[in-house]
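> Just my_file-v4.txt, nothing more (compact mmCIF, C-alpha atoms):
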```txt
# COMPACT_ATOMS: atom_id res chain seq x y z
CA MET X 1 107.28 128.60 81.75
CA GLN X 2 110.11 130.24 83.66
CA LEU X 3 110.26 130.09 87.45
CA THR X 4 112.83 130.67 90.16
CA LEU X 5 111.83 129.18 93.50
CA LYS X 6 113.16 130.24 96.89
CA PRO X 7 112.44 128.32 100.10
CA GLU X 8 109.38 129.18 102.13
CA VAL X 9 108.88 128.64 105.86
CA LEU X 10 108.09 125.01 106.60
CA SER X 11 105.30 124.42 109.11
CA ALA X 12 102.68 121.76 109.70
CA GLU X 13 100.13 124.16 108.21
CA SER X 14 102.10 125.18 105.11
CA PHE X 15 102.99 121.55 104.40
CA ALA X 16 99.50 120.15 105.05
CA PRO X 17 98.37 120.07 101.39
CA PHE X 18 101.30 117.74 100.65
CA GLY X 19 101.55 115.58 103.76
CA GLU X 20 102.69 115.86 107.36
CA LEU X 21 105.58 117.65 108.98
CA VAL X 22 107.12 115.26 111.52
CA SER X 23 108.62 117.48 114.21
CA VAL X 24 108.55 118.12 117.94
CA ARG X 25 105.55 120.33 118.62
CA GLY X 26 102.47 120.47 120.80
CA LYS X 27 102.03 118.74 124.10
CA PRO X 28 103.68 115.33 124.48
CA ILE X 29 102.31 112.28 126.27
CA MET X 30 104.59 111.24 129.13
CA ILE X 31 105.52 107.55 128.89
CA ASN X 32 108.11 105.09 130.19
CA ASN X 33 107.59 106.07 133.82
CA GLY X 34 108.14 109.74 133.07
CA THR X 35 111.48 109.33 131.28
CA THR X 36 110.18 109.88 127.73
CA GLU X 37 108.02 112.45 125.97
CA ARG X 38 105.95 110.93 123.15
CA TYR X 39 104.98 113.37 120.39
CA HIS X 40 102.25 111.13 119.16
CA ASN X 41 100.96 110.29 115.70
CA LEU X 42 102.62 113.11 113.76
CA GLY X 43 102.19 111.25 110.46
CA GLN X 44 100.28 108.30 109.05
CA VAL X 45 101.77 105.48 106.99
CA THR X 46 99.43 104.64 104.12
CA LEU X 47 99.89 101.45 102.16
CA GLY X 48 97.27 101.32 99.43
CA ASN X 49 93.67 100.31 99.10
CA SER X 50 91.76 97.09 99.68
CA GLU X 51 92.65 95.82 96.20
CA GLN X 52 96.33 96.76 96.29
CA MET X 53 97.40 96.72 99.92
CA GLY X 54 101.14 96.88 100.45
CA GLN X 55 103.66 96.36 103.22
CA GLY X 56 105.33 99.20 105.14
CA ILE X 57 109.12 99.02 105.09
CA LEU X 58 112.11 100.83 106.59
CA SER X 59 115.06 101.81 104.38
CA ILE X 60 117.94 104.27 104.47
CA PHE X 61 118.63 106.78 101.71
CA ARG X 62 122.17 108.20 101.47
CA ALA X 63 121.96 111.34 99.35
CA GLN X 64 124.69 113.29 97.60
CA PRO X 65 124.46 117.04 98.21
CA ARG X 66 123.14 119.21 95.39
CA THR X 67 124.74 122.33 94.00
CA LEU X 68 122.54 125.42 93.85
CA PRO X 69 121.14 127.07 91.84
CA MET X 70 119.75 123.86 90.32
CA THR X 71 117.41 123.32 87.38
CA ILE X 72 114.45 121.05 88.08
CA ASN X 73 113.29 118.90 85.20
CA MET X 74 110.96 116.33 86.76
CA MET X 75 108.65 115.44 89.63
CA GLU X 76 107.46 112.05 90.84
CA ARG X 77 104.72 110.60 93.01
CA HIS X 78 103.70 107.34 94.66
CA PRO X 79 100.00 106.68 94.03
CA LEU X 80 99.63 103.83 96.52
CA GLY X 81 101.56 104.83 99.60
CA SER X 82 102.97 107.57 101.78
CA GLN X 83 106.73 108.13 101.92
CA ALA X 84 108.49 109.59 104.95
CA PHE X 85 111.95 111.22 104.99
CA LEU X 86 113.32 111.40 108.54
CA PRO X 87 116.83 112.89 108.79
CA SER X 88 119.52 110.79 110.38
CA SER X 89 122.39 113.20 109.75
CA ALA X 90 120.82 116.30 111.34
CA GLU X 91 121.55 118.17 108.09
CA PRO X 92 119.12 120.62 106.48
CA TYR X 93 117.56 119.65 103.14
CA LEU X 94 115.16 121.01 100.57
CA VAL X 95 111.61 119.78 99.94
CA LEU X 96 110.00 120.59 96.60
CA VAL X 97 106.33 119.67 96.18
CA CYS X 98 103.32 120.71 94.17
CA LEU X 99 99.66 119.95 93.58
CA SER X 100 98.26 118.02 90.64
CA HIS X 101 96.15 119.29 87.78
CA GLN X 102 94.69 117.75 84.63
CA VAL X 103 96.12 118.54 81.21
CA ASN X 104 94.33 116.87 78.30
CA GLY X 105 92.94 114.32 80.71
CA GLU X 106 96.36 113.48 82.17
CA GLU X 107 97.33 114.18 85.78
CA GLN X 108 100.44 116.35 85.87
CA PRO X 109 102.33 118.45 88.42
CA ASP X 110 100.87 121.95 88.44
CA PRO X 111 103.95 124.20 88.11
CA ASN X 112 102.07 127.20 89.45
CA SER X 113 101.57 125.39 92.74
CA LEU X 114 105.26 124.48 93.26
CA LYS X 115 106.46 125.09 96.83
CA LEU X 116 110.06 124.88 97.97
CA PHE X 117 110.66 124.40 101.71
CA LEU X 118 113.89 124.39 103.68
CA ALA X 119 113.68 121.63 106.31
CA SER X 120 116.05 121.53 109.25
CA GLY X 121 117.82 118.36 110.32
CA ASP X 122 115.31 117.65 113.06
CA GLU X 123 112.27 117.97 110.79
CA GLY X 124 110.91 115.02 108.84
CA VAL X 125 108.35 115.09 106.06
CA ASN X 126 105.79 112.44 105.19
CA TYR X 127 104.48 112.79 101.64
CA LYS X 128 100.87 111.76 101.22
CA ALA X 129 100.15 109.12 98.61
CA ASN X 130 99.90 110.87 95.24
CA CYS X 131 101.76 114.02 96.30
CA TRP X 132 104.05 115.23 93.51
CA HIS X 133 107.55 115.76 94.90
CA HIS X 134 111.09 116.08 93.67
CA PRO X 135 113.60 113.34 94.55
CA LEU X 136 115.64 113.96 97.69
CA LEU X 137 117.54 117.26 97.75
CA ALA X 138 120.36 117.07 100.28
CA LEU X 139 122.49 120.15 100.94
CA ASN X 140 126.02 120.79 102.24
CA GLN X 141 127.20 117.17 102.55
CA VAL X 142 126.27 113.51 102.08
CA SER X 143 123.14 113.05 104.20
CA ASP X 144 121.34 109.95 105.46
CA PHE X 145 117.58 109.64 105.92
CA TRP X 146 115.40 106.96 107.47
CA ILE X 147 112.70 106.18 104.91
CA VAL X 148 109.27 104.74 105.67
CA ASP X 149 107.45 103.71 102.51
CA ARG X 150 105.72 100.81 100.79
CA ILE X 151 106.34 97.69 98.76
CA GLY X 152 103.54 95.65 97.24
CA PRO X 153 101.35 95.03 94.24
CA GLY X 154 100.54 97.68 91.66
CA ASN X 155 102.44 100.59 90.13
CA ASN X 156 103.57 102.92 92.92
CA LEU X 157 105.77 105.27 90.87
CA GLU X 158 104.74 107.97 88.40
CA GLU X 159 107.27 110.37 86.93
CA PHE X 160 106.61 113.52 84.97
CA PHE X 161 109.36 115.21 82.95
CA PHE X 162 108.90 118.90 82.24
CA PRO X 163 108.93 120.09 78.62
CA ASP X 164 112.38 121.20 77.48
CA ASP X 165 111.33 124.83 77.23
CA TRP X 166 110.36 125.06 80.91
CA GLU X 167 113.07 126.58 83.06
CA ILE X 168 112.40 125.91 86.72
CA VAL X 169 115.28 126.82 89.00
CA ILE X 170 115.63 126.43 92.75
CA ASP X 171 118.00 128.52 94.83
CA LEU X 172 118.48 129.50 98.44
CA MET P 1 117.76 85.73 140.18
CA GLN P 2 120.78 88.00 140.10
CA LEU P 3 122.22 89.22 136.83
CA THR P 4 124.57 91.94 135.65
CA LEU P 5 124.32 92.62 131.93
CA LYS P 6 127.01 94.25 129.81
CA PRO P 7 126.44 95.30 126.19
CA GLU P 8 127.14 92.83 123.40
CA VAL P 9 128.03 93.66 119.81
CA LEU P 10 124.93 94.68 117.85
CA SER P 11 124.65 93.20 114.37
CA ALA P 12 121.83 92.20 112.06
CA GLU P 13 122.56 88.58 112.99
CA SER P 14 122.76 89.02 116.77
CA PHE P 15 119.58 91.11 116.76
CA ALA P 16 117.62 88.84 114.39
CA PRO P 17 115.73 86.90 117.11
CA PHE P 18 114.27 90.21 118.30
CA GLY P 19 113.73 92.17 115.11
CA GLU P 20 115.75 94.04 112.51
CA LEU P 21 118.81 96.23 112.75
CA VAL P 22 118.21 99.26 110.52
CA SER P 23 121.66 100.37 109.38
CA VAL P 24 123.70 101.06 106.27
CA ARG P 25 125.03 97.72 105.07
CA GLY P 26 125.14 95.57 101.96
CA LYS P 27 124.82 96.82 98.43
CA PRO P 28 122.51 99.77 97.83
CA ILE P 29 120.19 100.34 94.90
CA MET P 30 121.13 103.53 93.04
CA ILE P 31 118.11 105.81 92.61
CA ASN P 32 117.24 109.43 91.87
CA ASN P 33 119.40 109.57 88.75
CA GLY P 34 122.44 108.31 90.63
CA THR P 35 122.35 110.90 93.42
CA THR P 36 121.01 108.58 96.15
CA GLU P 37 121.88 105.13 97.50
CA ARG P 38 118.83 103.23 98.71
CA TYR P 39 119.56 100.60 101.39
CA HIS P 40 116.32 98.84 100.75
CA ASN P 41 113.82 97.12 103.01
CA LEU P 42 115.95 96.87 106.14
CA GLY P 43 112.87 96.37 108.34
CA GLN P 44 109.19 95.56 108.00
CA VAL P 45 106.33 97.46 109.62
CA THR P 46 103.77 94.99 110.95
CA LEU P 47 100.35 96.19 111.98
CA GLY P 48 98.37 93.22 113.28
CA ASN P 49 96.30 90.44 111.82
CA SER P 50 93.19 90.29 109.68
CA GLU P 51 90.93 90.63 112.73
CA GLN P 52 92.87 93.45 114.38
CA MET P 53 94.61 95.38 111.63
CA GLY P 54 96.04 98.71 112.75
CA GLN P 55 97.45 101.87 111.21
CA GLY P 56 101.17 102.65 110.98
CA ILE P 57 102.10 106.01 112.51
CA LEU P 58 105.14 108.25 112.90
CA SER P 59 105.94 109.78 116.28
CA ILE P 60 108.94 111.28 118.06
CA PHE P 61 110.20 110.08 121.44
CA ARG P 62 112.36 112.48 123.45
CA ALA P 63 114.16 110.43 126.07
CA GLN P 64 115.94 111.50 129.24
CA PRO P 65 119.37 109.91 129.64
CA ARG P 66 119.72 107.08 132.14
CA THR P 67 122.34 106.79 134.87
CA LEU P 68 124.33 103.56 134.95
CA PRO P 69 124.53 101.11 136.57
CA MET P 70 120.73 100.82 136.47
CA THR P 71 118.40 98.22 137.94
CA ILE P 72 115.85 96.81 135.50
CA ASN P 73 112.47 95.90 136.97
CA MET P 74 110.22 95.36 133.96
CA MET P 75 109.93 94.52 130.29
CA GLU P 76 107.15 95.24 127.82
CA ARG P 77 105.97 94.06 124.42
CA HIS P 78 103.51 94.98 121.68
CA PRO P 79 101.61 91.89 120.54
CA LEU P 80 100.05 93.43 117.45
CA GLY P 81 102.72 95.52 115.81
CA SER P 82 106.38 96.19 115.24
CA GLN P 83 108.02 99.26 116.79
CA ALA P 84 111.03 101.01 115.26
CA PHE P 85 113.44 103.35 117.06
CA LEU P 86 115.43 105.43 114.57
CA PRO P 87 117.86 107.92 116.19
CA SER P 88 117.45 111.55 115.31
CA SER P 89 120.10 112.87 117.71
CA ALA P 90 123.00 110.65 116.52
CA GLU P 91 123.52 109.62 120.16
CA PRO P 92 124.28 106.04 121.24
CA TYR P 93 121.65 104.19 123.26
CA LEU P 94 121.08 100.82 124.89
CA VAL P 95 118.74 98.10 123.66
CA LEU P 96 117.60 95.46 126.15
CA VAL P 97 115.59 92.54 124.77
CA CYS P 98 114.79 88.94 125.59
CA LEU P 99 112.84 85.93 124.42
CA SER P 100 109.57 84.73 125.89
CA HIS P 101 108.89 81.59 127.88
CA GLN P 102 105.86 80.11 129.62
CA VAL P 103 105.56 80.09 133.39
CA ASN P 104 102.42 78.45 134.76
CA GLY P 105 100.78 78.96 131.40
CA GLU P 106 101.65 82.66 131.28
CA GLU P 107 104.00 84.20 128.70
CA GLN P 108 106.81 86.00 130.48
CA PRO P 109 110.22 87.47 129.59
CA ASP P 110 112.84 84.74 129.94
CA PRO P 111 115.54 86.39 132.09
CA ASN P 112 118.14 83.86 130.97
CA SER P 113 117.76 85.10 127.41
CA LEU P 114 118.26 88.80 128.19
CA LYS P 115 120.57 90.57 125.74
CA LEU P 116 121.91 94.09 126.15
CA PHE P 117 123.16 95.83 123.00
CA LEU P 118 124.90 99.18 122.57
CA ALA P 119 123.51 100.87 119.46
CA SER P 120 125.30 103.77 117.83
CA GLY P 121 123.52 106.92 116.75
CA ASP P 122 123.28 105.77 113.14
CA GLU P 123 121.75 102.39 113.98
CA GLY P 124 118.02 101.91 114.33
CA VAL P 125 116.21 98.90 115.73
CA ASN P 126 112.81 97.55 114.73
CA TYR P 127 111.29 95.29 117.40
CA LYS P 128 109.17 92.48 116.01
CA ALA P 129 105.63 92.24 117.28
CA ASN P 130 105.71 90.37 120.59
CA CYS P 131 109.41 90.96 121.28
CA TRP P 132 109.99 91.68 124.97
CA HIS P 133 112.02 94.89 125.32
CA HIS P 134 112.84 97.49 127.91
CA PRO P 135 111.54 101.03 127.43
CA LEU P 136 113.94 103.39 125.68
CA LEU P 137 117.38 103.68 127.31
CA ALA P 138 119.05 106.90 126.18
CA LEU P 139 122.60 107.66 127.30
CA ASN P 140 124.70 110.79 127.78
CA GLN P 141 122.03 113.41 127.00
CA VAL P 142 118.40 113.99 126.04
CA SER P 143 117.96 112.06 122.78
CA ASP P 144 115.26 112.12 120.12
CA PHE P 145 114.09 109.13 118.12
CA TRP P 146 111.76 108.78 115.15
CA ILE P 147 109.27 106.06 116.05
CA VAL P 148 107.32 103.90 113.61
CA ASP P 149 104.62 101.89 115.35
CA ARG P 150 100.90 101.14 115.36
CA ILE P 151 97.57 102.41 116.54
CA GLY P 152 94.37 100.43 116.18
CA PRO P 153 91.97 97.97 117.75
CA GLY P 154 93.01 95.45 120.39
CA ASN P 155 95.47 95.48 123.29
CA ASN P 156 98.93 96.25 121.94
CA LEU P 157 100.79 96.60 125.27
CA GLU P 158 101.82 93.93 127.74
CA GLU P 159 104.04 94.71 130.69
CA PHE P 160 105.79 92.28 133.00
CA PHE P 161 107.23 93.42 136.32
CA PHE P 162 110.00 91.28 137.75
CA PRO P 163 109.59 89.83 141.26
CA ASP P 164 111.08 92.05 143.96
CA ASP P 165 113.84 89.57 144.73
CA TRP P 166 115.23 89.63 141.20
CA GLU P 167 118.23 91.93 140.84
CA ILE P 168 118.93 92.63 137.16
CA VAL P 169 121.48 95.38 136.60
CA ILE P 170 122.76 96.85 133.37
CA ASP P 171 126.09 98.60 133.10
CA LEU P 172 128.55 99.58 130.41
```
Starting from the file, give its structure as structure tokens.


Amino acid sequence: MQLTLKPEVLSAESFAPFGELVSVRGKPIMINNGTTERYHNLGQVTLGNSEQMGQGILSIFRAQPRTLPMTINMMERHPLGSQAFLPSSAEPYLVLVCLSHQVNGEEQPDPNSLKLFLASGDEGVNYKANCWHHPLLALNQVSDFWIVDRIGPGNNLEEFFFPDDWEIVIDL
Amino acid sequence: MQLTLKPEVLSAESFAPFGELVSVRGKPIMINNGTTERYHNLGQVTLGNSEQMGQGILSIFRAQPRTLPMTINMMERHPLGSQAFLPSSAEPYLVLVCLSHQVNGEEQPDPNSLKLFLASGDEGVNYKANCWHHPLLALNQVSDFWIVDRIGPGNNLEEFFFPDDWEIVIDL
């Protein structure tokens, strides 16, 4: 497996298989006596199932910038909850996601479905529960993100490390 | 009732009666192979009770800037869920909150407990369920905020309009 990935155009439609794009679009609802536009319900916070319901929490991630080209050697996912990345620093960042497939009965990231998106600093992404994604990929400088995700019972982290002979590279 | 309110220093402690300050502080957890600092669980998303459980959602508010001094004539609260305001524009904004008291058996904002805070563009606030607060008070220019709040069954909005002879003014 040898792949070089370049960013594709990020849109609500292109990101839909992986979660929701959180960005200003469509017609807002006017609130607060006409002083505020509400772009309503752009993403949903999911917290588990009836047996393993969690708690939604707010955190901040401060990410070191990456140097490109960069070799990707793993993906992760959160089976029980969504995870939103909402830029605080107005800096662009990369979003690497893929679909899942079964290999010998095990769920793994499907490398042929890998998508790299370049998000601008006013675009957030909300990964669906169970969406394979790469850890945060800041660019240019140290970048802060508001994070909306889940704590609670059950295992909410799966990691998959690619075989050593796979060479998956991302670049702008 | 005549009051002029000036901003106080915003801190996790001073804001605690009203909710959580969402800001970089304390010791982070290192994640993502050492590339990211996680400032963990700075605020909790609450969604109701067992009879009226709601859904957490992500929205964007785009707020017009206010002109100061400004007369305040109402407060509102959300009985069933928290509401977080996380700046996207890195612009400062004002946060006006107060405690509740009973007047003739009715819950009302207690004007003597009003607190005005100046939040910087890298500080978010998460109002507790039932915290009286003024609608978003942007300053300087049109400002965007990531919003984390609730949809679902039940009435999640209460508004209280001050009597005409109350003069409550905010100013920097």

> Give as an mmCIF file with C-alpha atoms, keeping the file's coordinate frame every residue of chain X that touches chain P within 8 Å, counting only C-alpha atoms.


```
data_model
loop_
_atom_site.group_PDB
_atom_site.id
_atom_site.type_symbol
_atom_site.label_atom_id
_atom_site.label_comp_id
_atom_site.auth_asym_id
_atom_site.auth_seq_id
_atom_site.Cartn_x
_atom_site.Cartn_y
_atom_site.Cartn_z
ATOM 1 C CA VAL X 22 107.120 115.260 111.520
ATOM 2 C CA SER X 23 108.620 117.480 114.210
ATOM 3 C CA VAL X 24 108.550 118.120 117.940
ATOM 4 C CA ASN X 32 108.110 105.090 130.190
ATOM 5 C CA THR X 35 111.480 109.330 131.280
ATOM 6 C CA THR X 36 110.180 109.880 127.730
ATOM 7 C CA GLU X 37 108.020 112.450 125.970
ATOM 8 C CA ARG X 38 105.950 110.930 123.150
ATOM 9 C CA TYR X 39 104.980 113.370 120.390
ATOM 10 C CA HIS X 40 102.250 111.130 119.160
ATOM 11 C CA ASN X 41 100.960 110.290 115.700
ATOM 12 C CA LEU X 42 102.620 113.110 113.760
ATOM 13 C CA GLY X 43 102.190 111.250 110.460
ATOM 14 C CA GLN X 44 100.280 108.300 109.050
ATOM 15 C CA VAL X 45 101.770 105.480 106.990
ATOM 16 C CA THR X 46 99.430 104.640 104.120
ATOM 17 C CA GLN X 55 103.660 96.360 103.220
ATOM 18 C CA GLY X 56 105.330 99.200 105.140
ATOM 19 C CA ILE X 57 109.120 99.020 105.090
ATOM 20 C CA LEU X 58 112.110 100.830 106.590
ATOM 21 C CA SER X 59 115.060 101.810 104.380
ATOM 22 C CA ILE X 60 117.940 104.270 104.470
ATOM 23 C CA PHE X 61 118.630 106.780 101.710
ATOM 24 C CA ARG X 62 122.170 108.200 101.470
ATOM 25 C CA ALA X 63 121.960 111.340 99.350
ATOM 26 C CA GLN X 64 124.690 113.290 97.600
ATOM 27 C CA LEU X 86 113.320 111.400 108.540
ATOM 28 C CA PRO X 87 116.830 112.890 108.790
ATOM 29 C CA SER X 88 119.520 110.790 110.380
ATOM 30 C CA SER X 89 122.390 113.200 109.750
ATOM 31 C CA ALA X 90 120.820 116.300 111.340
ATOM 32 C CA ASP X 122 115.310 117.650 113.060
ATOM 33 C CA PRO X 135 113.600 113.340 94.550
ATOM 34 C CA LEU X 136 115.640 113.960 97.690
ATOM 35 C CA TRP X 146 115.400 106.960 107.470
#
```

> Please work out which residues fall within 7 Å of (106.4, 89.3, 128.7), coordinates as given in the file, with all atoms listed in the file counting, and return them as a PDB file with C-alpha atoms, in the coordinates of the input.


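File written: part14.pdb
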```
ATOM      1  CA  MET P  75     109.930  94.520 130.290  1.00  0.00           C
ATOM      2  CA  GLU P  76     107.150  95.240 127.820  1.00  0.00           C
ATOM      3  CA  ARG P  77     105.970  94.060 124.420  1.00  0.00           C
ATOM      4  CA  SER P 100     109.570  84.730 125.890  1.00  0.00           C
ATOM      5  CA  GLU P 107     104.000  84.200 128.700  1.00  0.00           C
ATOM      6  CA  GLN P 108     106.810  86.000 130.480  1.00  0.00           C
ATOM      7  CA  PRO P 109     110.220  87.470 129.590  1.00  0.00           C
ATOM      8  CA  TRP P 132     109.990  91.680 124.970  1.00  0.00           C
ATOM      9  CA  GLU P 158     101.820  93.930 127.740  1.00  0.00           C
ATOM     10  CA  GLU P 159     104.040  94.710 130.690  1.00  0.00           C
ATOM     11  CA  PHE P 160     105.790  92.280 133.000  1.00  0.00           C
TER      12      PHE P 160
END
```

> What gap, in Å, lies between atom CA of X:Glu167 and atom CA of X:Pro7?

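Going from atom CA of X:Glu167 over to atom CA of X:Pro7 covers 17.1 Å.
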
> Just the number, please: distance in Å from atom CA of P:Gln83 to atom CA of P:Leu114, one decimal.

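One can read the atom CA of P:Gln83 to atom CA of P:Leu114 distance as 18.6 Å.
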
> Work out how far atom CA of X:Ser11 is from atom CA of X:Lys27, in Å to one decimal.

16.4 Å
